[in-house]
Structure formats: C-alpha cells, structure tokens
Amino acid sequence: MTQDALILVVDDDPAIGKLLRLVLEQSGYRIHIVTTGEQALSYAAAHPPDLAILDVMLPGIDGYTLCRRLRDLRQTSLTPILMLTAQSDIRDKLAGFNAGADDYLTKPFEPQELAFRVKALLARSQGVSGATPKPAQRGHLVSVFGAKGGVGKTTLAVNLAVALARNQNSRVALLDADFSFGDVGAHLNLAPSRTILDLITRADDLDDQVLSKVLIRHESNVQVLLSPYRPEDAERIEPEALKRVLEILTDTYDFVLADCAVNYDERTLSLLERSDLIVMVLTPEIGPVKNTTTFLDLAAQMGIVLGKIQLVLNRADSAVGIAAREIENALQKPIPLRLMSGGRPVVMSVNRGVPILMEQPQHPFAQQVTRIAEVIRTQVTH
Ligand SMILES: Nc1ncnc2c1ncn2[C@@H]1O[C@H](COP(=O)(O)OP(=O)(O)OP(=O)(O)O)[C@@H](O)[C@H]1O
Ligand SMILES: [Mg+2]
C-alpha cells in the first residue's frame, strides 16, 4: 500500500523540489509540491496526504508553525511529518518534536537516506493492525510502579517490553502512563508526534484502526503509546477516557505494559487496580523502602491482593545500600527478583535511546531483565 502513497512536499527551493520528486517518484510514490504553508494547508484539507515533508524555512508561516497547524487539522492530525532543516542543532530538533514532527533530515541529505526515512515513516504509520489476529483472550495489563522517583521504572519497563516482544507470538504495547513527565519516548528515541492525547480526543470512536495509527511501532516490535509532550496537557486525560484506552489496548495486545507515574491520583490508582500484575521497583535506600511499605498498606486497603505485586530490587548489589535481607524483613515479603547496578552501559543505552536488551543482550543486566520478563509471562498466563 505504501507504493501509491501520496506525499505532500512543502519547499520553496525548486532544486530541492526537483530532487525530492525524482527520488520519491522512483520509489513509486505520488508527489504534490507546494511552496508555502498556506498552500499546504488548503491542499492537505482537500487531499489528505499519507506523509508530508516540510522545509523549516518557508516564506510566510514557517515549517514548525505549519507542522503544528497540520496536527490541529483533523484530516492530517496523524499524518507522519518529516522536517527538512539546515542545521542539526539539538534545539532545532526539539522545536520540531515540540511542533509534532515525526522525524528530521538535515540538508544536504543523501537521496537514499530520504527514501529510507520515508519508507520507515509510512510503514510505522500503517501500524500492524490486521497483520496479526487479535488475541483470543483479553491481554494482560502489567504496571511498572515505584513509590519513589528515579528508581529505574522506565529502564525496566522499556526493557521488559522489548524482552516480551521477542516472542513472535506476543503482541506487546508499552503505555507511558507518566502523563506529565513521561520519558519512554526518550528511552526509545521516539518523537512524541502522536500521543495518548490523540486517543483521548477520539475516546468515543476508538477502534484498532485508530489505535494502529496512534501507537508508534518501535523496531523491537513493541507498539508504543507516548505521553503528551507538554506537561500541562496531562490534565486533559480524564480517568474515564483512560479506562477506555486501557480496554482497547488489552483487547488488541497480549501484553500491555504501563510505565506509571509516582503519584496516587485517580488515574494511577485505577491503572493499578486494573493491572493483572504490579511490578513494584525499589532501590536499597531508606526513602524507596519506606514508601514501598506505605504502598503495600494502601494496596491492601484497595483490595489488591499481595500476590499481584512483584517487588523488584534494583541496584541490589549497591555497596552502600541497605542489605536485601533487611529490606525483606521490613516489608515482610521476599524479593526474589533483583537487578544489578548496570553501570555505564545501562546509562549510556538510556541516553542513546536504545534499550540495552537490543544493544547488548548478553550484558548481565539485560539477562536479568530477560529472566524477570519470563517470570512475568509465567505469572500472568497461568
Ligand atoms: N540498575 C541500573 N543500573 C544502571 N543504571 C540504572 C539502573 N537503574 C536505573 N538506572 C539509571 O538511572 C536513571 C533513572 O532511571 P529511570 O529513568 O529508569 O528511573 P524512573 O524510576 O523511571 O525515574 P522517574 O521517576 O523520573 O520516571 C537512568 O539514567 C537509568 O539509566
Ligand atoms: Mg520514568
């Protein structure tokens, strides 16, 4: 289907226009070139393209503003957008992501590179809906939670999702449920061009078609539902709409992993309540241990059975941390699942946005995550 895709190019430089036409038509796409943002908006409203390529420097409205306007237009709110920029400055990249661009290409670029990015964006936007049958049973919701920030929730959630998705028969979705400060996108190097907001605004007519357009396919095969780019948008996610999103996710995927925020607001509590398993991450320090006891009490009050909570002691080998046995005594719960301090390779992989399970699957940290993923799979499917 990508072959006759319609691509809208917005660039006022005739040389670039000519080059794009040549490269893209050779790949079998249909091209429409306009030279201003205003023309682009009226064309896109009448003929919604499958992908748009925008130059940042345009006469009239600039590429970033155009990108934002296309996102606001119902016909193009989910259209993949590739921005062409003159600089590879990180500030430019952030400005583009903020505006809702999916990807970036710095001029001058190699024609093959452009063709490759276009192909990848089109494939990503078509999602996998229909490629794999829906699970016969409702999928399993697994929340990764922590009673303190920075204990390693996102690192674990992302790598667990990658580990579970290795099994070709498992469809795995990863939900960034830290709606204000989520950083699943950063851990996976994915731009927040489509986020949970795109589902919330369609909460009444959600189906797997819409889902497949909004979730972003990561190369690990994990389908990612990102949190809003702006923290102030978090409050737009109403508990009822979130419930609907969770229903459709568990109807469509075998495993839905949620990387939770550290708070006890209504949305987090309902997510935890609905979870088949809560992976509770803590580190061997007094704050996380104290808050984990509080959480276990709260969970009991909420009627969450203790067996549904799996504790994971991260940085268990820390030389200065509280001994694991003392923590187990304090919590009156054994903690068989442990993660080592992975040091530089783990931190580097987070900063690069490539999960260590993909980058160095043999690394002991990656192997420990793989074992935890197997425990989770066994626990929720039995
Ligand atoms: N076991 C580990 N070994 C090495 N580095 C780790 C380990 N666990 C976490 N980190 C690093 O600690 C930092 C914080 O981890 P992460 O972002 O996963 O925590 P978080 O609980 O999601 O934080 P937040 O509460 O801000 O969402 C990251 O840079 C991560 O690479
Ligand atoms: Mg996090």
# chains A, B, ... in the order shown; residues from 1 in each chain; ligands from 1

call {"tool": "residues_near_ligand", "arguments": {"ligand": "ligand 1", "cutoff": "10 Å", "atoms": "only C-alpha atoms and all ligand atoms", "output": "short mmCIF file (atom, residue, chain, number, x, y, z; two decimals) with N, CA and C atoms, in the first residue's frame"}}
result
data_model
loop_
_atom_site.label_atom_id
_atom_site.label_comp_id
_atom_site.auth_asym_id
_atom_site.auth_seq_id
_atom_site.Cartn_x
_atom_site.Cartn_y
_atom_site.Cartn_z
N VAL A 144 4.29 -1.06 35.81
CA VAL A 144 5.59 -0.92 36.48
C VAL A 144 5.48 0.35 37.32
N PHE A 145 5.57 0.16 38.62
CA PHE A 145 5.32 1.27 39.54
C PHE A 145 6.50 1.39 40.50
N GLY A 146 6.57 2.50 41.18
CA GLY A 146 7.62 2.70 42.18
C GLY A 146 7.13 3.76 43.13
N ALA A 147 7.47 3.63 44.41
CA ALA A 147 6.95 4.60 45.36
C ALA A 147 7.90 5.79 45.49
N LYS A 148 8.83 5.88 44.60
CA LYS A 148 9.79 6.99 44.64
C LYS A 148 10.29 7.20 43.21
N GLY A 149 10.60 8.45 42.85
CA GLY A 149 11.10 8.72 41.50
C GLY A 149 12.52 8.21 41.31
N GLY A 150 12.86 7.97 40.07
CA GLY A 150 14.25 7.66 39.72
C GLY A 150 14.76 6.29 40.14
N VAL A 151 13.85 5.36 40.49
CA VAL A 151 14.32 4.05 40.95
C VAL A 151 14.59 3.07 39.80
N GLY A 152 14.28 3.50 38.56
CA GLY A 152 14.57 2.63 37.42
C GLY A 152 13.34 2.05 36.76
N LYS A 153 12.17 2.64 37.02
CA LYS A 153 10.92 2.12 36.45
C LYS A 153 10.95 2.09 34.93
N THR A 154 11.31 3.25 34.34
CA THR A 154 11.24 3.33 32.88
C THR A 154 12.27 2.40 32.24
N THR A 155 13.47 2.37 32.81
CA THR A 155 14.50 1.48 32.26
C THR A 155 13.99 0.04 32.28
N LEU A 156 13.36 -0.35 33.38
CA LEU A 156 12.86 -1.72 33.48
C LEU A 156 11.67 -1.93 32.54
N ALA A 157 10.71 -0.99 32.54
CA ALA A 157 9.51 -1.17 31.72
C ALA A 157 9.86 -1.31 30.24
N VAL A 158 10.75 -0.45 29.77
CA VAL A 158 11.13 -0.46 28.35
C VAL A 158 11.82 -1.79 28.00
N ASN A 159 12.75 -2.21 28.83
CA ASN A 159 13.48 -3.45 28.52
C ASN A 159 12.60 -4.68 28.68
N ASP A 176 3.11 4.87 28.14
CA ASP A 176 3.77 5.79 29.06
C ASP A 176 2.68 6.43 29.90
N ALA A 177 2.54 5.94 31.13
CA ALA A 177 1.45 6.43 31.99
C ALA A 177 1.92 7.52 32.94
N ASP A 178 3.10 8.06 32.69
CA ASP A 178 3.52 9.25 33.42
C ASP A 178 3.15 10.42 32.51
N PHE A 181 5.43 13.84 32.97
CA PHE A 181 6.88 13.85 32.73
C PHE A 181 7.39 12.53 32.17
N GLY A 182 6.55 11.88 31.38
CA GLY A 182 6.94 10.58 30.85
C GLY A 182 8.19 10.66 30.00
N ASP A 183 9.04 9.64 30.10
CA ASP A 183 10.21 9.69 29.23
C ASP A 183 10.47 8.37 28.51
N VAL A 184 9.39 7.64 28.26
CA VAL A 184 9.51 6.42 27.45
C VAL A 184 10.02 6.79 26.05
N ALA A 186 12.00 9.18 25.22
CA ALA A 186 13.44 9.44 25.27
C ALA A 186 14.22 8.12 25.38
N HIS A 187 13.71 7.18 26.19
CA HIS A 187 14.40 5.89 26.34
C HIS A 187 14.41 5.10 25.04
N ASP A 259 4.16 2.16 32.16
CA ASP A 259 5.20 2.78 32.96
C ASP A 259 4.52 3.89 33.76
N CYS A 260 4.30 3.65 35.05
CA CYS A 260 3.44 4.54 35.85
C CYS A 260 4.18 5.75 36.39
N ALA A 261 3.37 6.77 36.71
CA ALA A 261 3.92 7.95 37.39
C ALA A 261 3.97 7.67 38.88
N VAL A 262 4.84 8.41 39.56
CA VAL A 262 4.89 8.26 41.01
C VAL A 262 3.87 9.23 41.62
N ASN A 263 2.64 8.81 41.69
CA ASN A 263 1.62 9.59 42.40
C ASN A 263 0.45 8.65 42.66
N VAL A 281 9.08 -1.37 41.70
CA VAL A 281 10.54 -1.25 41.70
C VAL A 281 10.98 -0.43 42.92
N LEU A 282 12.01 -0.91 43.60
CA LEU A 282 12.60 -0.10 44.67
C LEU A 282 14.11 -0.27 44.66
N THR A 283 14.78 0.66 45.28
CA THR A 283 16.24 0.59 45.40
C THR A 283 16.57 0.49 46.89
N LEU A 313 13.99 -5.51 43.31
CA LEU A 313 15.01 -4.69 43.97
C LEU A 313 16.07 -4.32 42.94
N ASN A 314 16.05 -3.04 42.57
CA ASN A 314 17.01 -2.55 41.57
C ASN A 314 18.28 -2.10 42.30
N ARG A 315 19.39 -2.18 41.63
CA ARG A 315 20.70 -1.86 42.19
C ARG A 315 20.93 -2.66 43.47
N ALA A 316 20.50 -3.93 43.44
CA ALA A 316 20.55 -4.78 44.62
C ALA A 316 21.97 -4.99 45.12
N ASP A 317 22.94 -4.82 44.21
CA ASP A 317 24.34 -5.07 44.59
C ASP A 317 25.05 -3.81 45.07
N SER A 318 24.29 -2.75 45.31
CA SER A 318 24.92 -1.50 45.71
C SER A 318 25.73 -1.69 47.00
N ARG A 338 15.74 -9.44 41.34
CA ARG A 338 16.73 -8.39 41.60
C ARG A 338 17.43 -7.97 40.33
N LEU A 339 17.86 -6.72 40.35
CA LEU A 339 18.63 -6.18 39.22
C LEU A 339 19.91 -5.58 39.75
N MET A 340 20.96 -5.82 39.03
CA MET A 340 22.26 -5.28 39.42
C MET A 340 22.39 -3.81 39.00
N SER A 341 23.38 -3.13 39.54
CA SER A 341 23.72 -1.81 39.00
C SER A 341 24.45 -2.07 37.70
N GLY A 342 23.86 -1.64 36.62
CA GLY A 342 24.43 -1.97 35.31
C GLY A 342 25.52 -1.00 34.87
N GLY A 343 25.73 0.04 35.66
CA GLY A 343 26.82 0.98 35.36
C GLY A 343 26.66 1.69 34.03
N ARG A 344 27.82 2.05 33.50
CA ARG A 344 27.88 2.86 32.30
C ARG A 344 27.08 2.32 31.11
N PRO A 345 27.20 1.01 30.80
CA PRO A 345 26.46 0.53 29.61
C PRO A 345 24.96 0.79 29.71
N VAL A 346 24.39 0.67 30.91
CA VAL A 346 22.95 0.88 31.06
C VAL A 346 22.63 2.37 30.89
N VAL A 347 23.40 3.21 31.57
CA VAL A 347 23.14 4.65 31.48
C VAL A 347 23.34 5.14 30.04
N MET A 348 24.39 4.63 29.40
CA MET A 348 24.66 5.04 28.01
C MET A 348 23.51 4.62 27.09
N SER A 349 23.00 3.42 27.31
CA SER A 349 21.95 2.94 26.42
C SER A 349 20.69 3.79 26.61
N VAL A 350 20.43 4.20 27.85
CA VAL A 350 19.27 5.09 28.10
C VAL A 350 19.49 6.41 27.38
N ASN A 351 20.67 6.96 27.51
CA ASN A 351 20.94 8.26 26.88
C ASN A 351 20.90 8.20 25.36
N PRO A 355 17.42 0.48 23.96
CA PRO A 355 17.39 -0.39 25.15
C PRO A 355 18.58 -1.34 25.19
N ILE A 356 19.11 -1.55 26.39
CA ILE A 356 20.31 -2.39 26.49
C ILE A 356 20.00 -3.82 26.03
N PHE A 365 22.92 -7.33 33.06
CA PHE A 365 21.70 -6.58 33.38
C PHE A 365 20.57 -7.00 32.42
N ALA A 366 20.92 -7.10 31.13
CA ALA A 366 19.93 -7.50 30.12
C ALA A 366 19.42 -8.91 30.40
N VAL A 369 16.95 -8.83 33.22
CA VAL A 369 15.63 -8.33 32.78
C VAL A 369 14.90 -9.44 32.02
#

call {"tool": "residues_around", "arguments": {"residues": "stretch 225-242 of chain A", "least_positions_apart": "6", "cutoff": "9 Å", "atoms": "only C-alpha atoms", "output": "count of residues only"}}
result
37

call {"tool": "select_by_dssp", "arguments": {"residues": "stretch 261-312 of chain A", "states": "strand (DSSP E or B)", "output": "number ranges by chain"}}
result
A: 277-282, 309-312

call {"tool": "select_by_dssp", "arguments": {"residues": "stretch 224-353 of chain A", "states": "helix (DSSP H, G or I)", "output": "PyMOL selection string"}}
result
chain A and resi 231-236+239-252+266-274+286-302+306-308+324-331+343-352

call {"tool": "write_last_selection", "arguments": {"atoms": "C-alpha atoms", "output": "tab-separated table (two decimals), in the first residue's frame"}}
result
chain	number	residue	atom	x	y	z
A	231	PRO	CA	3.22	18.55	30.95
A	232	GLU	CA	0.20	20.88	31.11
A	233	ASP	CA	-1.67	18.57	28.70
A	234	ALA	CA	-1.64	15.78	31.28
A	235	GLU	CA	-4.82	17.01	32.92
A	236	ARG	CA	-6.71	16.56	29.65
A	239	PRO	CA	-9.91	8.82	34.13
A	240	GLU	CA	-12.91	7.62	32.11
A	241	ALA	CA	-11.14	8.11	28.78
A	242	LEU	CA	-8.06	6.36	30.13
A	243	LYS	CA	-10.23	3.41	31.10
A	244	ARG	CA	-11.47	3.20	27.52
A	245	VAL	CA	-7.90	3.35	26.21
A	246	LEU	CA	-6.86	0.54	28.56
A	247	GLU	CA	-9.80	-1.57	27.39
A	248	ILE	CA	-8.92	-1.23	23.74
A	249	LEU	CA	-5.24	-1.84	24.43
A	250	THR	CA	-5.90	-5.05	26.33
A	251	ASP	CA	-8.38	-6.11	23.63
A	252	THR	CA	-5.68	-5.70	20.98
A	266	GLU	CA	-7.24	8.69	40.30
A	267	ARG	CA	-5.72	7.60	37.00
A	268	THR	CA	-2.72	5.88	38.57
A	269	LEU	CA	-4.91	4.14	41.16
A	270	SER	CA	-7.35	2.88	38.56
A	271	LEU	CA	-4.45	1.66	36.43
A	272	LEU	CA	-3.01	-0.24	39.39
A	273	GLU	CA	-6.40	-1.66	40.31
A	274	ARG	CA	-6.99	-2.94	36.79
A	286	ILE	CA	15.51	4.33	53.09
A	287	GLY	CA	13.13	6.52	51.02
A	288	PRO	CA	12.04	3.89	48.50
A	289	VAL	CA	11.83	1.19	51.21
A	290	LYS	CA	9.67	3.37	53.49
A	291	ASN	CA	7.39	4.39	50.60
A	292	THR	CA	7.06	0.79	49.45
A	293	THR	CA	5.72	-0.18	52.89
A	294	THR	CA	3.19	2.64	52.61
A	295	PHE	CA	2.22	1.41	49.15
A	296	LEU	CA	1.76	-2.19	50.33
A	297	ASP	CA	-0.60	-0.92	53.07
A	298	LEU	CA	-2.54	1.17	50.59
A	299	ALA	CA	-2.75	-1.73	48.14
A	300	ALA	CA	-4.23	-3.94	50.90
A	301	GLN	CA	-6.83	-1.23	51.64
A	302	MET	CA	-7.69	-1.03	47.95
A	306	LEU	CA	-0.44	-9.18	47.66
A	307	GLY	CA	0.20	-11.93	45.12
A	308	LYS	CA	-0.46	-9.43	42.34
A	324	ALA	CA	18.39	-7.12	50.81
A	325	ARG	CA	17.55	-9.28	53.86
A	326	GLU	CA	16.84	-6.21	55.96
A	327	ILE	CA	14.53	-4.88	53.28
A	328	GLU	CA	12.69	-8.19	53.07
A	329	ASN	CA	12.25	-8.13	56.84
A	330	ALA	CA	10.95	-4.57	56.79
A	331	LEU	CA	8.46	-5.34	54.02
A	343	GLY	CA	26.82	0.98	35.36
A	344	ARG	CA	27.88	2.86	32.30
A	345	PRO	CA	26.46	0.53	29.61
A	346	VAL	CA	22.95	0.88	31.06
A	347	VAL	CA	23.14	4.65	31.48
A	348	MET	CA	24.66	5.04	28.01
A	349	SER	CA	21.95	2.94	26.42
A	350	VAL	CA	19.27	5.09	28.10
A	351	ASN	CA	20.94	8.26	26.88
A	352	ARG	CA	21.24	6.89	23.36

call {"tool": "atom_distance", "arguments": {"atom1": "atom CA of A:His140", "atom2": "atom CA of A:Val305"}}
result
16.4 Å

call {"tool": "closest_residue", "arguments": {"among": "A:Ala258, A:Leu51, A:Ile322, A:Leu121", "to": "ligand 2", "atoms": "only C-alpha atoms and all ligand atoms"}}
result
A:Ala258

call {"tool": "closest_atom_pairs", "arguments": {"of": "stretch 80-156 of chain A", "to": "stretch 5-23 of chain A", "cutoff": "12 Å", "atoms": "only C-alpha atoms", "output": "JSON lines"}}
result
{"residue": "A:Pro80", "atom": "CA", "partner": "A:Ile7", "partner_atom": "CA", "distance": 10.0}
{"residue": "A:Ile81", "atom": "CA", "partner": "A:Leu8", "partner_atom": "CA", "distance": 9.6}
{"residue": "A:Leu82", "atom": "CA", "partner": "A:Val9", "partner_atom": "CA", "distance": 9.6}
{"residue": "A:Met83", "atom": "CA", "partner": "A:Val10", "partner_atom": "CA", "distance": 9.7}
{"residue": "A:Leu84", "atom": "CA", "partner": "A:Asp11", "partner_atom": "CA", "distance": 9.0}
{"residue": "A:Thr85", "atom": "CA", "partner": "A:Asp11", "partner_atom": "CA", "distance": 11.0}
{"residue": "A:Lys107", "atom": "CA", "partner": "A:Ile16", "partner_atom": "CA", "distance": 9.6}
{"residue": "A:Pro108", "atom": "CA", "partner": "A:Ile16", "partner_atom": "CA", "distance": 9.5}
{"residue": "A:Phe109", "atom": "CA", "partner": "A:Ile16", "partner_atom": "CA", "distance": 10.2}
{"residue": "A:Glu110", "atom": "CA", "partner": "A:Val23", "partner_atom": "CA", "distance": 10.1}
{"residue": "A:Pro111", "atom": "CA", "partner": "A:Val23", "partner_atom": "CA", "distance": 6.3}
{"residue": "A:Gln112", "atom": "CA", "partner": "A:Val23", "partner_atom": "CA", "distance": 8.0}
{"residue": "A:Glu113", "atom": "CA", "partner": "A:Val23", "partner_atom": "CA", "distance": 10.3}
{"residue": "A:Leu114", "atom": "CA", "partner": "A:Val23", "partner_atom": "CA", "distance": 8.2}
{"residue": "A:Ala115", "atom": "CA", "partner": "A:Val23", "partner_atom": "CA", "distance": 6.9}
{"residue": "A:Phe116", "atom": "CA", "partner": "A:Val23", "partner_atom": "CA", "distance": 10.6}
{"residue": "A:Val118", "atom": "CA", "partner": "A:Ile7", "partner_atom": "CA", "distance": 9.3}
{"residue": "A:Lys119", "atom": "CA", "partner": "A:Ala5", "partner_atom": "CA", "distance": 10.1}
{"residue": "A:Leu121", "atom": "CA", "partner": "A:Ile7", "partner_atom": "CA", "distance": 11.5}
{"residue": "A:Leu122", "atom": "CA", "partner": "A:Ala5", "partner_atom": "CA", "distance": 8.4}
{"residue": "A:Ala123", "atom": "CA", "partner": "A:Ala5", "partner_atom": "CA", "distance": 10.9}
{"residue": "A:Ser125", "atom": "CA", "partner": "A:Ala5", "partner_atom": "CA", "distance": 11.8}
{"residue": "A:Gln126", "atom": "CA", "partner": "A:Ala5", "partner_atom": "CA", "distance": 11.2}

call {"tool": "write_last_selection", "arguments": {"atoms": "C-alpha atoms", "output": "mmCIF file, in the first residue's frame"}}
result
data_model
loop_
_atom_site.group_PDB
_atom_site.id
_atom_site.type_symbol
_atom_site.label_atom_id
_atom_site.label_comp_id
_atom_site.auth_asym_id
_atom_site.auth_seq_id
_atom_site.Cartn_x
_atom_site.Cartn_y
_atom_site.Cartn_z
ATOM 1 C CA PRO A 80 3.643 11.357 9.508
ATOM 2 C CA ILE A 81 5.683 14.542 9.116
ATOM 3 C CA LEU A 82 9.339 14.714 8.120
ATOM 4 C CA MET A 83 11.071 18.059 8.603
ATOM 5 C CA LEU A 84 13.960 19.261 6.487
ATOM 6 C CA THR A 85 16.312 21.543 8.347
ATOM 7 C CA LYS A 107 20.199 19.351 4.450
ATOM 8 C CA PRO A 108 22.126 18.394 2.421
ATOM 9 C CA PHE A 109 20.930 14.792 2.587
ATOM 10 C CA GLU A 110 21.603 11.620 0.666
ATOM 11 C CA PRO A 111 18.656 10.660 -1.589
ATOM 12 C CA GLN A 112 18.815 7.062 -0.276
ATOM 13 C CA GLU A 113 18.599 8.318 3.279
ATOM 14 C CA LEU A 114 15.475 10.280 2.403
ATOM 15 C CA ALA A 115 13.876 7.322 0.654
ATOM 16 C CA PHE A 116 14.674 5.128 3.645
ATOM 17 C CA VAL A 118 10.024 7.990 4.094
ATOM 18 C CA LYS A 119 9.570 4.253 3.805
ATOM 19 C CA LEU A 121 7.635 6.538 8.455
ATOM 20 C CA LEU A 122 4.957 5.186 6.139
ATOM 21 C CA ALA A 123 5.416 1.662 7.477
ATOM 22 C CA SER A 125 2.088 4.930 10.458
ATOM 23 C CA GLN A 126 0.342 1.960 8.945
#

call {"tool": "atom_distance", "arguments": {"atom1": "atom CA of A:Val224", "atom2": "atom CA of A:Asn189"}}
result
11.3 Å
